[in-house]
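upload-v8.txt, holding compact mmCIF, C-alpha atoms:
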# COMPACT_ATOMS: atom_id res chain seq x y z
CA MET A 1 0.00 0.00 0.00
CA ALA A 2 1.49 3.33 -1.04
CA ASN A 3 1.35 6.43 1.15
CA TYR A 4 -0.68 9.59 0.48
CA PRO A 5 0.03 11.34 -1.77
CA THR A 6 1.45 9.01 -4.42
CA PRO A 7 4.14 10.15 -6.88
CA HIS A 8 1.40 10.73 -9.48
CA ILE A 9 -1.73 11.71 -7.54
CA GLY A 10 -1.65 14.55 -5.03
CA ALA A 11 -5.06 13.89 -3.53
CA ARG A 12 -5.93 13.21 0.09
CA PRO A 13 -7.81 10.26 1.61
CA GLY A 14 -11.48 10.43 0.66
CA ASP A 15 -10.99 12.88 -2.21
CA PHE A 16 -12.20 10.39 -4.83
CA GLY A 17 -15.60 8.78 -5.14
CA GLN A 18 -16.01 5.01 -5.46
CA THR A 19 -16.33 5.37 -9.23
CA VAL A 20 -13.91 7.27 -11.47
CA LEU A 21 -14.44 8.14 -15.13
CA MET A 22 -11.14 8.20 -17.03
CA PRO A 23 -10.79 10.02 -20.36
CA GLY A 24 -7.31 10.10 -21.82
CA ASP A 25 -7.12 13.87 -22.17
CA PRO A 26 -6.81 16.05 -19.02
CA LEU A 27 -8.77 18.82 -20.75
CA ARG A 28 -11.63 16.41 -21.37
CA SER A 29 -11.57 15.58 -17.69
CA LYS A 30 -12.03 19.27 -16.93
CA PHE A 31 -14.83 19.53 -19.52
CA ILE A 32 -16.74 16.59 -18.02
CA ALA A 33 -16.41 17.98 -14.50
CA GLU A 34 -17.61 21.44 -15.47
CA ASN A 35 -20.47 20.32 -17.71
CA PHE A 36 -21.80 17.12 -16.15
CA LEU A 37 -20.97 17.19 -12.44
CA THR A 38 -22.50 19.36 -9.73
CA ASP A 39 -20.06 21.35 -7.55
CA PRO A 40 -16.88 19.73 -8.94
CA VAL A 41 -13.72 20.17 -6.87
CA LEU A 42 -10.19 19.81 -8.29
CA VAL A 43 -8.52 17.07 -6.24
CA ASN A 44 -5.45 16.37 -8.39
CA ASN A 45 -3.33 18.33 -10.83
CA VAL A 46 0.04 16.58 -10.62
CA ARG A 47 1.71 16.79 -14.07
CA GLY A 48 -1.42 18.56 -15.28
CA VAL A 49 -3.47 15.36 -15.02
CA GLN A 50 -6.63 16.91 -13.70
CA GLY A 51 -8.89 14.99 -11.36
CA TYR A 52 -12.23 16.27 -10.05
CA THR A 53 -14.89 15.01 -7.68
CA GLY A 54 -18.50 16.20 -7.74
CA THR A 55 -21.96 14.71 -7.79
CA TYR A 56 -24.15 13.32 -10.55
CA ASP A 57 -27.85 13.02 -9.75
CA GLY A 58 -26.98 13.10 -6.07
CA VAL A 59 -24.22 10.48 -6.25
CA ARG A 60 -20.53 11.25 -5.68
CA VAL A 61 -18.51 10.62 -8.86
CA SER A 62 -14.93 11.48 -9.85
CA VAL A 63 -13.28 12.05 -13.20
CA MET A 64 -9.54 12.00 -13.86
CA ALA A 65 -7.44 11.68 -16.99
CA SER A 66 -5.42 8.53 -17.69
CA GLY A 67 -2.94 9.86 -20.24
CA MET A 68 -2.06 7.77 -23.30
CA GLY A 69 -1.13 4.11 -23.39
CA MET A 70 -1.16 1.17 -21.01
CA PRO A 71 1.81 2.25 -18.87
CA SER A 72 0.01 5.51 -18.05
CA ILE A 73 -3.44 4.09 -17.33
CA GLY A 74 -1.77 1.23 -15.46
CA ILE A 75 -0.15 3.68 -13.03
CA TYR A 76 -3.24 5.80 -12.40
CA SER A 77 -5.67 2.90 -12.14
CA TRP A 78 -3.40 0.97 -9.75
CA GLU A 79 -3.02 3.98 -7.44
CA LEU A 80 -6.75 4.78 -7.53
CA PHE A 81 -7.69 1.19 -6.76
CA THR A 82 -5.10 0.41 -4.10
CA VAL A 83 -4.44 3.77 -2.42
CA TYR A 84 -7.63 5.82 -2.83
CA GLY A 85 -10.28 3.16 -2.31
CA VAL A 86 -11.81 3.39 -5.81
CA GLU A 87 -13.95 0.39 -6.74
CA ASN A 88 -14.95 1.12 -10.35
CA ILE A 89 -13.09 2.77 -13.23
CA LEU A 90 -14.80 3.54 -16.54
CA ARG A 91 -12.50 4.47 -19.39
CA ILE A 92 -14.17 6.91 -21.80
CA GLY A 93 -12.16 7.56 -24.93
CA SER A 94 -11.98 7.60 -28.70
CA ALA A 95 -11.08 4.72 -30.97
CA GLY A 96 -10.51 3.89 -34.61
CA GLY A 97 -13.20 1.70 -36.15
CA ILE A 98 -12.19 -1.73 -37.49
CA GLY A 99 -15.34 -3.83 -37.82
CA GLU A 100 -17.48 -3.77 -40.94
CA ASP A 101 -20.66 -2.98 -39.02
CA VAL A 102 -19.03 -0.35 -36.78
CA LYS A 103 -19.77 3.17 -37.91
CA VAL A 104 -18.30 6.53 -37.04
CA ARG A 105 -20.20 8.02 -34.05
CA ASP A 106 -21.00 4.55 -32.67
CA VAL A 107 -20.23 3.80 -29.07
CA VAL A 108 -18.27 0.59 -28.58
CA VAL A 109 -18.55 -1.22 -25.26
CA ALA A 110 -15.39 -3.28 -24.87
CA MET A 111 -16.24 -6.76 -23.63
CA GLY A 112 -12.61 -7.80 -23.92
CA ALA A 113 -9.30 -6.51 -25.25
CA SER A 114 -6.69 -8.30 -27.33
CA THR A 115 -3.28 -6.66 -27.39
CA ASN A 116 0.32 -6.79 -28.59
CA SER A 117 1.54 -5.57 -25.19
CA HIS A 118 3.57 -7.52 -22.62
CA PHE A 119 1.88 -5.63 -19.77
CA ALA A 120 0.52 -8.85 -18.25
CA ASP A 121 3.94 -10.55 -18.11
CA GLN A 122 4.35 -9.07 -14.61
CA TYR A 123 1.69 -11.42 -13.26
CA ARG A 124 3.54 -14.60 -14.32
CA PHE A 125 0.15 -16.06 -15.22
CA PRO A 126 0.64 -19.65 -16.48
CA GLY A 127 -1.05 -19.05 -19.82
CA GLN A 128 -2.55 -16.15 -21.78
CA LEU A 129 -4.54 -13.94 -19.42
CA CYS A 130 -7.77 -12.68 -21.03
CA ALA A 131 -8.46 -8.98 -20.40
CA THR A 132 -12.20 -8.61 -19.81
CA ALA A 133 -14.69 -6.06 -18.56
CA ASP A 134 -16.83 -6.37 -15.46
CA TYR A 135 -20.13 -7.85 -16.61
CA GLY A 136 -22.28 -5.80 -14.26
CA LEU A 137 -20.85 -2.52 -15.54
CA LEU A 138 -21.10 -3.73 -19.14
CA ARG A 139 -24.74 -4.75 -18.71
CA ASP A 140 -25.66 -1.42 -17.12
CA ALA A 141 -23.88 0.54 -19.86
CA VAL A 142 -25.71 -1.32 -22.61
CA THR A 143 -29.03 -0.79 -20.81
CA ALA A 144 -28.31 2.92 -20.44
CA ALA A 145 -27.43 3.23 -24.14
CA GLU A 146 -30.64 1.48 -25.16
CA ARG A 147 -32.69 3.74 -22.91
CA MET A 148 -31.03 6.80 -24.48
CA GLY A 149 -31.49 5.50 -28.03
CA VAL A 150 -27.74 5.38 -28.66
CA ARG A 151 -26.22 2.66 -30.81
CA ALA A 152 -23.79 0.60 -28.72
CA ASP A 153 -21.68 -2.16 -30.29
CA VAL A 154 -20.50 -4.76 -27.76
CA GLY A 155 -17.43 -6.84 -28.52
CA GLN A 156 -13.69 -7.08 -28.54
CA VAL A 157 -11.25 -4.23 -29.11
CA PHE A 158 -7.51 -4.26 -29.79
CA THR A 159 -5.25 -2.36 -27.38
CA ALA A 160 -2.08 -1.41 -29.23
CA ASP A 161 1.29 -0.49 -27.77
CA GLN A 162 1.92 1.91 -30.64
CA PHE A 163 -0.10 4.60 -32.40
CA TYR A 164 1.87 4.38 -35.65
CA ASN A 165 1.98 0.76 -36.85
CA ASP A 166 4.58 -0.09 -39.48
CA ASN A 167 2.70 -3.29 -40.38
CA PRO A 168 0.26 -2.47 -43.22
CA ASP A 169 -1.56 -5.80 -42.83
CA ALA A 170 -2.41 -5.44 -39.14
CA GLY A 171 -5.83 -3.84 -39.62
CA ALA A 172 -7.05 -6.56 -41.96
CA MET A 173 -5.99 -9.27 -39.51
CA TYR A 174 -7.76 -7.53 -36.62
CA ARG A 175 -10.93 -7.43 -38.69
CA LYS A 176 -10.68 -11.16 -39.51
CA PHE A 177 -10.84 -11.92 -35.81
CA GLY A 178 -13.87 -9.74 -35.18
CA ILE A 179 -12.11 -6.79 -33.56
CA LEU A 180 -14.46 -3.80 -33.45
CA ALA A 181 -12.04 -0.96 -32.71
CA LEU A 182 -8.42 -0.04 -32.13
CA GLU A 183 -7.22 1.94 -29.09
CA MET A 184 -4.35 2.04 -26.57
CA GLU A 185 -5.50 1.62 -22.95
CA THR A 186 -8.27 -0.91 -22.32
CA ALA A 187 -6.26 -4.11 -21.79
CA GLY A 188 -4.04 -2.45 -19.19
CA LEU A 189 -7.06 -1.18 -17.27
CA TYR A 190 -8.85 -4.54 -17.39
CA TRP A 191 -5.82 -6.53 -16.23
CA THR A 192 -5.19 -4.13 -13.36
CA ALA A 193 -8.80 -4.37 -12.22
CA GLN A 194 -8.84 -8.16 -12.51
CA ARG A 195 -5.63 -8.53 -10.51
CA LEU A 196 -6.91 -6.27 -7.72
CA GLY A 197 -10.46 -7.62 -7.57
CA LYS A 198 -11.96 -4.33 -8.78
CA ARG A 199 -14.36 -3.45 -11.62
CA ALA A 200 -13.60 -1.78 -14.95
CA LEU A 201 -15.29 -0.98 -18.24
CA SER A 202 -14.15 0.77 -21.40
CA LEU A 203 -16.59 2.89 -23.43
CA LEU A 204 -15.25 4.17 -26.74
CA THR A 205 -16.61 6.57 -29.33
CA ILE A 206 -15.60 5.76 -32.91
CA SER A 207 -14.03 8.99 -34.12
CA ASP A 208 -12.67 7.63 -37.41
CA HIS A 209 -12.69 4.40 -39.40
CA ILE A 210 -9.45 2.75 -40.43
CA PHE A 211 -10.88 1.19 -43.62
CA THR A 212 -13.36 3.78 -44.87
CA GLY A 213 -11.29 6.86 -43.98
CA GLU A 214 -14.38 8.55 -42.56
CA ALA A 215 -13.70 10.86 -39.62
CA LEU A 216 -15.76 13.14 -37.41
CA SER A 217 -15.48 16.90 -37.55
CA ALA A 218 -14.70 18.75 -34.32
CA GLN A 219 -18.39 19.49 -33.72
CA GLU A 220 -19.47 15.94 -34.46
CA ARG A 221 -16.85 14.58 -32.06
CA GLN A 222 -18.19 16.84 -29.35
CA ASP A 223 -21.75 15.65 -29.87
CA SER A 224 -20.83 11.96 -29.99
CA PHE A 225 -18.60 12.18 -26.94
CA HIS A 226 -21.51 13.68 -25.01
CA GLU A 227 -23.49 10.49 -25.58
CA MET A 228 -20.60 8.32 -24.35
CA MET A 229 -20.15 10.52 -21.28
CA GLU A 230 -23.84 10.30 -20.40
CA ILE A 231 -23.79 6.50 -20.73
CA ALA A 232 -20.74 6.39 -18.46
CA LEU A 233 -22.35 8.66 -15.87
CA GLU A 234 -25.55 6.65 -15.82
CA THR A 235 -23.47 3.49 -15.39
CA ALA A 236 -21.46 5.11 -12.61
CA TRP A 237 -24.65 6.16 -10.84
CA LYS A 238 -26.04 2.61 -11.04
CA ALA A 239 -22.75 1.12 -9.81
CA ILE A 240 -22.91 3.17 -6.63
Target format structure tokens, applied to this file:
Amino acid sequence: MANYPTPHIGARPGDFGQTVLMPGDPLRSKFIAENFLTDPVLVNNVRGVQGYTGTYDGVRVSVMASGMGMPSIGIYSWELFTVYGVENILRIGSAGGIGEDVKVRDVVVAMGASTNSHFADQYRFPGQLCATADYGLLRDAVTAAERMGVRADVGQVFTADQFYNDNPDAGAMYRKFGILALEMETAGLYWTAQRLGKRALSLLTISDHIFTGEALSAQERQDSFHEMMEIALETAWKAI
């Protein structure tokens, strides 16, 4: 158990709610706090990674950025789970579409995450450890999306260790195996939660499609991300 504060989070005991929403971008964390939470309070700003705690429909909820990639989300999620008493983390981010039926603006609910990372080697698991979401959170997110009339595709994503892939055939192979979207954090979050007996879910808005070349404008991204954020908040409320 690490001491307060950690090297990466300058918060105090009790500063975070039981559920934390984690966008990658610190500025998106600020946006969510100011536009969706009531009376948000800044509880962390170490390295500019902004974390806030407020209420949503009367329930205490926090939001803090994860940064980019599995090493970054691995650090923040581990410290939130083990040091600050957080029980649920919901990643809310963007992703590149892979699947044929996945469209730009869709919300993908990541049931599991394949990866090319060696993040899980630390566990010395005698086999290949499957990175999966918490079913209760996944079920509640899908229910919330249906109630809101938002399309939500449930399935597997691919968590990559690199943004720029020098292998031109990678996307086609991902599609063959039914991968819905490509991103960079989900597997690390899921493995961390599984190891610590906590709960995690990744909600992703498709901002562009790797095969069609379609991409959202700035305004369209803003509108679509709002839907993902609302699904996440409804799920967070139900979790608590």
With distances taken over all atoms listed in the file, the candidate from A:Asp101, A:Glu87, A:Asp169, A:Asp15 nearest Gly155 (chain A) is A:Asp101
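In this comparison, which uses all atoms listed in the file, the residue of A:Gly213, A:Gly48, A:Gly58, A:Pro168 approaching Gly97 (chain A) most closely is A:Gly213.
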For the atom pair CA of Trp237 (chain A) and CA of Met64 (chain A), what is the interatomic distance in Å to one decimal place? 16.5 Å
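Take CA of Asp153 (chain A) and CA of Arg139 (chain A): the distance between them is 12.3 Å.
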Using all atoms listed in the file, what table do you get, as JSON lines, when you list each residue of region 201-236 of chain A with an atom no more than 12 Å from region 88-93 of chain A, its nearest pair of atoms, and their distance in Å rounded to one decimal, rows by chain then rising number?
{"residue": "A:Leu201", "atom": "CA", "partner": "A:Leu90", "partner_atom": "CA", "distance": 4.9}
{"residue": "A:Ser202", "atom": "CA", "partner": "A:Arg91", "partner_atom": "CA", "distance": 4.5}
{"residue": "A:Leu203", "atom": "CA", "partner": "A:Ile92", "partner_atom": "CA", "distance": 5.0}
{"residue": "A:Leu204", "atom": "CA", "partner": "A:Gly93", "partner_atom": "CA", "distance": 4.9}
{"residue": "A:Thr205", "atom": "CA", "partner": "A:Gly93", "partner_atom": "CA", "distance": 6.3}
{"residue": "A:Ile206", "atom": "CA", "partner": "A:Gly93", "partner_atom": "CA", "distance": 8.9}
{"residue": "A:Ser207", "atom": "CA", "partner": "A:Gly93", "partner_atom": "CA", "distance": 9.5}
{"residue": "A:Arg221", "atom": "CA", "partner": "A:Gly93", "partner_atom": "CA", "distance": 11.1}
{"residue": "A:Gln222", "atom": "CA", "partner": "A:Gly93", "partner_atom": "CA", "distance": 11.9}
{"residue": "A:Ser224", "atom": "CA", "partner": "A:Gly93", "partner_atom": "CA", "distance": 11.0}
{"residue": "A:Phe225", "atom": "CA", "partner": "A:Gly93", "partner_atom": "CA", "distance": 8.2}
{"residue": "A:His226", "atom": "CA", "partner": "A:Ile92", "partner_atom": "CA", "distance": 10.5}
{"residue": "A:Glu227", "atom": "CA", "partner": "A:Ile92", "partner_atom": "CA", "distance": 10.7}
{"residue": "A:Met228", "atom": "CA", "partner": "A:Ile92", "partner_atom": "CA", "distance": 7.1}
{"residue": "A:Met229", "atom": "CA", "partner": "A:Ile92", "partner_atom": "CA", "distance": 7.0}
{"residue": "A:Glu230", "atom": "CA", "partner": "A:Ile92", "partner_atom": "CA", "distance": 10.3}
{"residue": "A:Ile231", "atom": "CA", "partner": "A:Ile92", "partner_atom": "CA", "distance": 9.7}
{"residue": "A:Ala232", "atom": "CA", "partner": "A:Leu90", "partner_atom": "CA", "distance": 6.9}
{"residue": "A:Leu233", "atom": "CA", "partner": "A:Leu90", "partner_atom": "CA", "distance": 9.1}
{"residue": "A:Glu234", "atom": "CA", "partner": "A:Leu90", "partner_atom": "CA", "distance": 11.2}
{"residue": "A:Thr235", "atom": "CA", "partner": "A:Leu90", "partner_atom": "CA", "distance": 8.7}
{"residue": "A:Ala236", "atom": "CA", "partner": "A:Leu90", "partner_atom": "CA", "distance": 7.9}
What gap, in Å, lies between CA of Thr132 (chain A) and CA of Asn165 (chain A)? 24.1 Å
With only C-alpha atoms as the counted atoms, please give the residues lying no more than 10 Å from Val41 (chain A), apart from itself and same-chain residues fewer than 4 positions off, as a VMD selection string. chain A and resid 15 33 to 34 37 51 to 55 62
List every protein, DNA or RNA residue that has an atom no more than 12 Å from (-0.8, 14.5, -7.3) in the file's coordinate frame, counting all atoms listed in the file, and report them as a ChimeraX atom specification. /A:3-12,15,42-52,64,76,79-80,84
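Residue nearest Gly99 (chain A) within the list A:Gly178, A:Gly17, A:Gly197, A:Gly136: A:Gly178 [criterion: smallest interatomic distance, all atoms listed in the file].
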Counting all atoms listed in the file, the option among A:Asn167, A:Met184, A:Gly85, A:Gly24 closest to Ser117 (chain A): A:Met184
